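Worksheet: one structure, shown below.
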Amino acid sequence: MVRPHLSPTRRRLTVAAAVVAASAVAVTVTASAGASDTRDQARRAIQGGKAKNVILLIGDGMGDSEITLARDYTVGANGRLDMDKFPLTGAYTTYSVHKDGTPDYVTDSAASGSGWATGVKTVNGRISKTPGSDKAVPTILELAQKKGYATGSVTTAELTDATPAVLASHATDRSCQGPADMAKCPTDTIAAGGPGSIAEQSVNHKVDVLLGGGRQRFDQKVTDGKYKGLTVTQQAKRLGYQVITDDRQLRAVKGGKPVLGLFAPGNVPVEWTGKAAAKGGTEPQRCTTANPGRPAGTPALQDQASKAIKLLEAKQKATKSKRGFFLQIEGASIDKQDHAADPCGQIGETAAFDRAVKVARAYAAKHPDTLVVTTADHAHTSQIVPLDAQPPGLSSTLVTDEGQQLKVNYSTNTPGASQEHTGTQVRIAAQGPQAYRVLGVTNQTDLFGTVRDALGLRR
Ligand SMILES: [Zn+2]
């Protein structure tokens, strides 16, 4: 049976039901501060209206398994992460499409990102361009920028990786990250009259705040056009960017000019380490919560998040703009550690992402005209299985903070190969103006409309 999308009437009923549920909480729960906080949050969240700011947090590959695993390990099975505390939660479908528009049931981060960033689904690997004709589609960041909002993008991946790329560039293939990486994007090169690599486009966009890894892409030399012979970093400086590379500089940098933070040559090194999952399992292990391979001076995602907010606010204050900001924050290596079947790496990155969620929610608590959305781009491979299970793939046994053993399995590909994304729907949770639109089961592309309407943008 084909189910139609929620009709407006049905959607109103869903919202009404949520209001009833929120008041029911008031009756049955004795008046603790926590309960009335949640009730107030729910009431505010259900109101529509315009947002001054939007903070969108994307846990790359952060399906329900990844959330549950991080919760079980860090705060316990009955504990709650910060991302669990949003007043409104729904689910959304993440499928991508083939060139002819038929569904491709398992997306990658490029197609899913293009979906939430533009409202248009595309083929895997594509960056904010249409599936068949390969035409650029305006992104939510571009629309926000046009209307005078300050804009920012923060990631633990390379700044040219798929999730930040979908906001500030358009490319035939996600691999076209620097001027030397253009093999799969012949029509996007500057020589061919295109906009150039993802790195070049990102700085040409003059996004106010760009923080992440991927310094090697920006160290590549531009091959054609106005900036020929310069590195992309030098191009960025010509465009007015302040370029920073470590935690000390991040703390010191002031607003007024755009900021490009490149905190690692490639992806930002992960927070935690441990034994990767293995065939036949591992001995019960505790994760190492300080990665010796993470250079001192590498800023934590939460610190990047709070500094990004401050810089965006400063920009709007300096220009006397009445508008607020749009900020995207990505926890990228949840996905990358899932691919590598490394449960400690994965949990550490989920916990780091959750601390960035806490920063966003603390800001929204003081600025209730901020829409905060936390979601994932797609689901992933890790599964929590019974301790006596003998799965054929890779597995590892962890000893959680509450002293119990937990077995995690990675079996979406042959051992030794990269483990795979899955096609399962993922959680989307929100608070603030228009947050009610995450309720029910929506489509990833609906998130574009939610942010667009919250900020009063037009396409
Ligand atoms: Zn992935």
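Every chain in the structure tokens takes a letter, A first, then B, and so on in the order presented; its residues are numbered from 1, and the ligands are numbered from 1 following the presented order.
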Review point. So which residues touch Leu301 of chain A within 9 Å, counting only C-alpha atoms, skipping near sequence neighbours fewer than 6 positions away, as a list in words?
Key: Val154, Thr155, Thr156, Gly212, Ile329, Glu330, Gly331, Ala352, Phe353, Arg355 and Ala356 of chain A
Review point. Neighbours of Gln201 of chain A within 12 Å (only C-alpha atoms; same-chain residues fewer than 4 positions away dropped), as an MDAnalysis selection string?
Key: chainID A and resid 127 142 159:160 164:171 176:179 188:190 194:197 205:207 218 222 232 235:236 239
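Residue nearest Thr289 of chain A within the list A:Ala435, A:Thr89, A:Cys344, A:Gly324: A:Cys344 [criterion: smallest interatomic distance, only C-alpha atoms].
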Point to revise | Selection within 8 Å of ligand 1 by only C-alpha atoms and all ligand atoms, output as JSON, numbers by chain | key: {"A": [60, 61, 108, 109, 335, 336, 338, 339, 380, 420, 421]}
Dump C-alpha atoms for the selected residues as an mmCIF file, in the first residue's frame?
data_model
loop_
_atom_site.group_PDB
_atom_site.id
_atom_site.type_symbol
_atom_site.label_atom_id
_atom_site.label_comp_id
_atom_site.auth_asym_id
_atom_site.auth_seq_id
_atom_site.Cartn_x
_atom_site.Cartn_y
_atom_site.Cartn_z
ATOM 1 C CA ASP A 60 27.137 11.699 10.246
ATOM 2 C CA GLY A 61 26.010 8.067 10.189
ATOM 3 C CA ASP A 108 25.750 8.463 1.017
ATOM 4 C CA SER A 109 26.480 11.749 2.804
ATOM 5 C CA ASP A 335 30.445 7.605 10.314
ATOM 6 C CA LYS A 336 34.130 7.161 9.630
ATOM 7 C CA ASP A 338 31.599 3.007 11.946
ATOM 8 C CA HIS A 339 33.103 2.280 8.489
ATOM 9 C CA HIS A 380 25.048 2.948 9.746
ATOM 10 C CA GLU A 420 28.459 0.128 5.050
ATOM 11 C CA HIS A 421 25.733 2.693 5.537
#
Practice item. Name the residues of segment 49-210 of chain A that fall into strand (DSSP E) according to DSSP on the backbone, using the chain letters and numbers of this document, as JSON, numbers by chain. Key: {"A": [53, 54, 55, 56, 57, 58, 59, 88, 89, 90, 91, 92, 93, 96, 97, 103, 104, 150, 151, 152, 153, 154, 155, 156, 157, 158, 209, 210]}
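Near Gly76 of chain A, within 10 Å and counting only C-alpha atoms, sit A:Thr68, A:Leu69, A:Ala70, A:Thr400, A:Asp401, A:Glu402, A:Gly403, A:Gln404; same-chain residues fewer than 6 positions away were not included.
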Exercise for review: Using only C-alpha atoms, determine which residues lie at most 8 Å from Val451 of chain A, disregarding the query and same-chain residues fewer than 4 positions distant; provide the list as a list in words.
Suggested key: Val54, Ile140, Leu447 and Leu455 of chain A
Point to revise | For Gln302 of chain A, the nearest of the candidates A:Ala157, A:Ala365, A:Val357, A:Val243, counting only C-alpha atoms | key: A:Val357
Exercise for review: Name the residues in contact with segment 405-409 of chain A at a cut-off of 8 Å, using only C-alpha atoms, excluding same-chain residues fewer than 4 positions from it; report them as a PyMOL selection string.
Suggested key: chain A and resi 277+284+343+382-387+391+393-400
How would the residues just chosen look if you wrote them out with all heavy atoms as a short mmCIF file (atom, residue, chain, number, x, y, z; two decimals), in the first residue's frame?
data_model
loop_
_atom_site.label_atom_id
_atom_site.label_comp_id
_atom_site.auth_asym_id
_atom_site.auth_seq_id
_atom_site.Cartn_x
_atom_site.Cartn_y
_atom_site.Cartn_z
N ALA A 277 36.80 -3.73 16.21
CA ALA A 277 36.07 -5.00 16.25
C ALA A 277 36.84 -6.03 15.40
O ALA A 277 37.50 -5.67 14.43
CB ALA A 277 34.66 -4.81 15.72
N PRO A 284 36.80 -8.27 26.51
CA PRO A 284 36.07 -7.09 27.00
C PRO A 284 37.03 -5.92 27.18
O PRO A 284 38.11 -6.10 27.76
CB PRO A 284 35.51 -7.56 28.35
CG PRO A 284 35.42 -9.05 28.21
CD PRO A 284 36.57 -9.46 27.33
N PRO A 343 34.51 0.59 17.61
CA PRO A 343 33.44 1.08 18.49
C PRO A 343 33.87 2.21 19.42
O PRO A 343 33.10 3.13 19.67
CB PRO A 343 33.02 -0.17 19.29
CG PRO A 343 34.17 -1.12 19.16
CD PRO A 343 34.84 -0.82 17.85
N SER A 382 26.68 -0.33 12.91
CA SER A 382 26.85 -0.96 14.23
C SER A 382 25.52 -1.44 14.81
O SER A 382 24.50 -0.78 14.67
CB SER A 382 27.53 0.02 15.20
OG SER A 382 26.76 1.18 15.38
N GLN A 383 25.54 -2.60 15.45
CA GLN A 383 24.37 -3.18 16.09
C GLN A 383 24.76 -3.71 17.46
O GLN A 383 25.82 -4.33 17.60
CB GLN A 383 23.81 -4.35 15.26
CG GLN A 383 23.14 -3.95 13.96
CD GLN A 383 21.84 -3.17 14.19
OE1 GLN A 383 21.19 -3.31 15.22
NE2 GLN A 383 21.47 -2.35 13.22
N ILE A 384 23.88 -3.50 18.44
CA ILE A 384 24.10 -4.06 19.77
C ILE A 384 23.47 -5.45 19.79
O ILE A 384 22.27 -5.57 19.52
CB ILE A 384 23.46 -3.15 20.85
CG1 ILE A 384 24.08 -1.75 20.77
CG2 ILE A 384 23.65 -3.76 22.24
CD1 ILE A 384 23.26 -0.67 21.45
N VAL A 385 24.27 -6.47 20.05
CA VAL A 385 23.77 -7.85 19.97
C VAL A 385 23.95 -8.55 21.32
O VAL A 385 24.73 -8.09 22.16
CB VAL A 385 24.50 -8.64 18.84
CG1 VAL A 385 24.22 -8.02 17.47
CG2 VAL A 385 26.01 -8.71 19.09
N PRO A 386 23.24 -9.68 21.54
CA PRO A 386 23.40 -10.39 22.82
C PRO A 386 24.84 -10.87 23.02
O PRO A 386 25.54 -11.16 22.06
CB PRO A 386 22.46 -11.60 22.68
CG PRO A 386 21.52 -11.24 21.58
CD PRO A 386 22.25 -10.32 20.66
N LEU A 387 25.25 -10.94 24.29
CA LEU A 387 26.64 -11.31 24.59
C LEU A 387 26.98 -12.70 24.07
O LEU A 387 28.12 -12.97 23.71
CB LEU A 387 26.88 -11.26 26.11
CG LEU A 387 26.88 -9.85 26.73
CD1 LEU A 387 27.00 -9.94 28.25
CD2 LEU A 387 28.00 -8.99 26.15
N PRO A 391 28.10 -13.62 15.84
CA PRO A 391 27.84 -13.14 14.48
C PRO A 391 29.03 -13.41 13.57
O PRO A 391 30.17 -13.46 14.03
CB PRO A 391 27.64 -11.64 14.69
CG PRO A 391 28.31 -11.32 15.97
CD PRO A 391 28.24 -12.55 16.82
N GLY A 393 30.38 -11.58 11.28
CA GLY A 393 31.24 -10.44 10.95
C GLY A 393 32.15 -10.06 12.10
O GLY A 393 32.55 -10.90 12.91
N LEU A 394 32.44 -8.76 12.18
CA LEU A 394 33.34 -8.24 13.20
C LEU A 394 32.55 -7.88 14.45
O LEU A 394 31.44 -7.36 14.36
CB LEU A 394 34.02 -6.97 12.66
CG LEU A 394 34.75 -7.14 11.32
CD1 LEU A 394 35.09 -5.77 10.72
CD2 LEU A 394 36.00 -7.98 11.50
N SER A 395 33.13 -8.16 15.62
CA SER A 395 32.44 -7.73 16.84
C SER A 395 33.46 -7.37 17.93
O SER A 395 34.64 -7.71 17.82
CB SER A 395 31.45 -8.79 17.33
OG SER A 395 32.13 -9.99 17.57
N SER A 396 32.95 -6.68 18.95
CA SER A 396 33.79 -6.30 20.08
C SER A 396 32.93 -6.24 21.32
O SER A 396 31.75 -5.88 21.25
CB SER A 396 34.43 -4.93 19.82
OG SER A 396 35.14 -4.51 20.98
N THR A 397 33.51 -6.62 22.45
CA THR A 397 32.79 -6.51 23.72
C THR A 397 33.38 -5.33 24.49
O THR A 397 34.59 -5.23 24.65
CB THR A 397 32.90 -7.81 24.53
OG1 THR A 397 32.35 -8.87 23.74
CG2 THR A 397 32.14 -7.71 25.84
N LEU A 398 32.48 -4.45 24.93
CA LEU A 398 32.90 -3.27 25.70
C LEU A 398 32.43 -3.43 27.14
O LEU A 398 31.42 -4.09 27.40
CB LEU A 398 32.26 -2.01 25.11
CG LEU A 398 32.51 -1.73 23.63
CD1 LEU A 398 31.66 -0.55 23.16
CD2 LEU A 398 33.99 -1.45 23.37
N VAL A 399 33.16 -2.82 28.07
CA VAL A 399 32.70 -2.74 29.46
C VAL A 399 32.24 -1.29 29.66
O VAL A 399 33.04 -0.36 29.58
CB VAL A 399 33.81 -3.11 30.46
CG1 VAL A 399 33.30 -3.00 31.89
CG2 VAL A 399 34.34 -4.51 30.17
N THR A 400 30.95 -1.10 29.88
CA THR A 400 30.39 0.24 29.92
C THR A 400 30.72 0.96 31.23
O THR A 400 31.19 0.32 32.18
CB THR A 400 28.85 0.20 29.78
OG1 THR A 400 28.32 -0.43 30.96
CG2 THR A 400 28.42 -0.57 28.54
#
Check your understanding: Hey, which of A:Val438, A:Ala318, A:Ala341, A:Val372 ends up closest to Ala417 of chain A? Count only C-alpha atoms.
Key -> A:Ala341
Study note, to complete from the structure: The residue from A:Thr298, A:Thr288, A:Ser65, A:Gln337 with the smallest atom-to-atom distance to Ile244 of chain A, counting only C-alpha atoms, is A:Thr298
Practice item. Can you pull out every residue within 10 Å of His378 of chain A, counting only C-alpha atoms, but drop anything in the same chain fewer than 3 positions away, and send it as a PyMOL selection string? Key: chain A and resi 58-63+92-95+106-109+112-113+335+375+421-427+444
How about saving the chosen residues, N, CA and C atoms kept, as a PDB file, in the first residue's frame?
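Result saved to selection36.pdb:
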ATOM      1  N   ILE A  58      24.420  17.819  12.553  1.00  0.00           N
ATOM      2  CA  ILE A  58      24.335  16.575  11.787  1.00  0.00           C
ATOM      3  C   ILE A  58      25.339  15.572  12.357  1.00  0.00           C
ATOM      4  N   GLY A  59      24.832  14.484  12.923  1.00  0.00           N
ATOM      5  CA  GLY A  59      25.704  13.372  13.317  1.00  0.00           C
ATOM      6  C   GLY A  59      25.835  12.464  12.102  1.00  0.00           C
ATOM      7  N   ASP A  60      26.984  12.484  11.480  1.00  0.00           N
ATOM      8  CA  ASP A  60      27.137  11.699  10.246  1.00  0.00           C
ATOM      9  C   ASP A  60      27.074  10.209  10.576  1.00  0.00           C
ATOM     10  N   GLY A  61      26.158   9.507   9.948  1.00  0.00           N
ATOM     11  CA  GLY A  61      26.010   8.067  10.189  1.00  0.00           C
ATOM     12  C   GLY A  61      25.419   7.743  11.557  1.00  0.00           C
ATOM     13  N   MET A  62      24.804   8.741  12.208  1.00  0.00           N
ATOM     14  CA  MET A  62      24.327   8.568  13.582  1.00  0.00           C
ATOM     15  C   MET A  62      22.890   8.049  13.618  1.00  0.00           C
ATOM     16  N   GLY A  63      22.752   6.755  13.307  1.00  0.00           N
ATOM     17  CA  GLY A  63      21.448   6.107  13.403  1.00  0.00           C
ATOM     18  C   GLY A  63      21.094   5.825  14.858  1.00  0.00           C
ATOM     19  N   TYR A  92      13.016  10.552  10.012  1.00  0.00           N
ATOM     20  CA  TYR A  92      12.909  10.845   8.577  1.00  0.00           C
ATOM     21  C   TYR A  92      13.624   9.818   7.723  1.00  0.00           C
ATOM     22  N   THR A  93      13.105   9.704   6.500  1.00  0.00           N
ATOM     23  CA  THR A  93      13.656   8.750   5.547  1.00  0.00           C
ATOM     24  C   THR A  93      14.812   9.415   4.806  1.00  0.00           C
ATOM     25  N   THR A  94      15.817   8.628   4.437  1.00  0.00           N
ATOM     26  CA  THR A  94      17.043   9.233   3.908  1.00  0.00           C
ATOM     27  C   THR A  94      17.413   8.792   2.495  1.00  0.00           C
ATOM     28  N   TYR A  95      16.562   7.976   1.854  1.00  0.00           N
ATOM     29  CA  TYR A  95      16.959   7.400   0.551  1.00  0.00           C
ATOM     30  C   TYR A  95      17.394   8.468  -0.458  1.00  0.00           C
ATOM     31  N   VAL A 106      19.851   3.186  -0.217  1.00  0.00           N
ATOM     32  CA  VAL A 106      20.930   3.517   0.728  1.00  0.00           C
ATOM     33  C   VAL A 106      21.702   4.733   0.206  1.00  0.00           C
ATOM     34  N   THR A 107      21.645   5.807   0.971  1.00  0.00           N
ATOM     35  CA  THR A 107      22.276   7.049   0.532  1.00  0.00           C
ATOM     36  C   THR A 107      23.713   7.148   1.033  1.00  0.00           C
ATOM     37  N   ASP A 108      24.468   8.053   0.443  1.00  0.00           N
ATOM     38  CA  ASP A 108      25.750   8.463   1.017  1.00  0.00           C
ATOM     39  C   ASP A 108      25.566   9.880   1.565  1.00  0.00           C
ATOM     40  N   SER A 109      26.630  10.436   2.150  1.00  0.00           N
ATOM     41  CA  SER A 109      26.480  11.749   2.804  1.00  0.00           C
ATOM     42  C   SER A 109      26.302  12.878   1.795  1.00  0.00           C
ATOM     43  N   SER A 112      22.500  12.663   0.622  1.00  0.00           N
ATOM     44  CA  SER A 112      21.608  13.003   1.738  1.00  0.00           C
ATOM     45  C   SER A 112      21.789  14.471   2.112  1.00  0.00           C
ATOM     46  N   GLY A 113      23.031  14.937   2.130  1.00  0.00           N
ATOM     47  CA  GLY A 113      23.286  16.346   2.433  1.00  0.00           C
ATOM     48  C   GLY A 113      22.639  17.253   1.405  1.00  0.00           C
ATOM     49  N   ASP A 335      30.503   8.375  11.559  1.00  0.00           N
ATOM     50  CA  ASP A 335      30.445   7.605  10.314  1.00  0.00           C
ATOM     51  C   ASP A 335      31.776   6.938  10.000  1.00  0.00           C
ATOM     52  N   THR A 375      20.018  15.836  13.880  1.00  0.00           N
ATOM     53  CA  THR A 375      19.636  14.652  13.118  1.00  0.00           C
ATOM     54  C   THR A 375      20.893  13.975  12.569  1.00  0.00           C
ATOM     55  N   HIS A 421      26.938   1.977   5.109  1.00  0.00           N
ATOM     56  CA  HIS A 421      25.733   2.693   5.537  1.00  0.00           C
ATOM     57  C   HIS A 421      24.545   1.740   5.428  1.00  0.00           C
ATOM     58  N   THR A 422      23.468   2.067   6.132  1.00  0.00           N
ATOM     59  CA  THR A 422      22.233   1.306   5.945  1.00  0.00           C
ATOM     60  C   THR A 422      21.110   2.262   5.542  1.00  0.00           C
ATOM     61  N   GLY A 423      20.008   1.679   5.072  1.00  0.00           N
ATOM     62  CA  GLY A 423      18.916   2.484   4.526  1.00  0.00           C
ATOM     63  C   GLY A 423      17.811   2.798   5.513  1.00  0.00           C
ATOM     64  N   THR A 424      18.065   2.539   6.808  1.00  0.00           N
ATOM     65  CA  THR A 424      17.048   2.751   7.842  1.00  0.00           C
ATOM     66  C   THR A 424      16.738   4.241   8.038  1.00  0.00           C
ATOM     67  N   GLN A 425      15.504   4.552   8.406  1.00  0.00           N
ATOM     68  CA  GLN A 425      15.156   5.930   8.779  1.00  0.00           C
ATOM     69  C   GLN A 425      15.970   6.341  10.004  1.00  0.00           C
ATOM     70  N   VAL A 426      16.159   7.633  10.200  1.00  0.00           N
ATOM     71  CA  VAL A 426      16.933   8.104  11.350  1.00  0.00           C
ATOM     72  C   VAL A 426      16.138   9.120  12.171  1.00  0.00           C
ATOM     73  N   ARG A 427      16.627   9.376  13.380  1.00  0.00           N
ATOM     74  CA  ARG A 427      15.966  10.327  14.272  1.00  0.00           C
ATOM     75  C   ARG A 427      16.178  11.762  13.811  1.00  0.00           C
ATOM     76  N   GLN A 444      13.770  13.439   4.409  1.00  0.00           N
ATOM     77  CA  GLN A 444      14.957  14.273   4.624  1.00  0.00           C
ATOM     78  C   GLN A 444      14.843  15.644   3.943  1.00  0.00           C
TER      79      GLN A 444
END
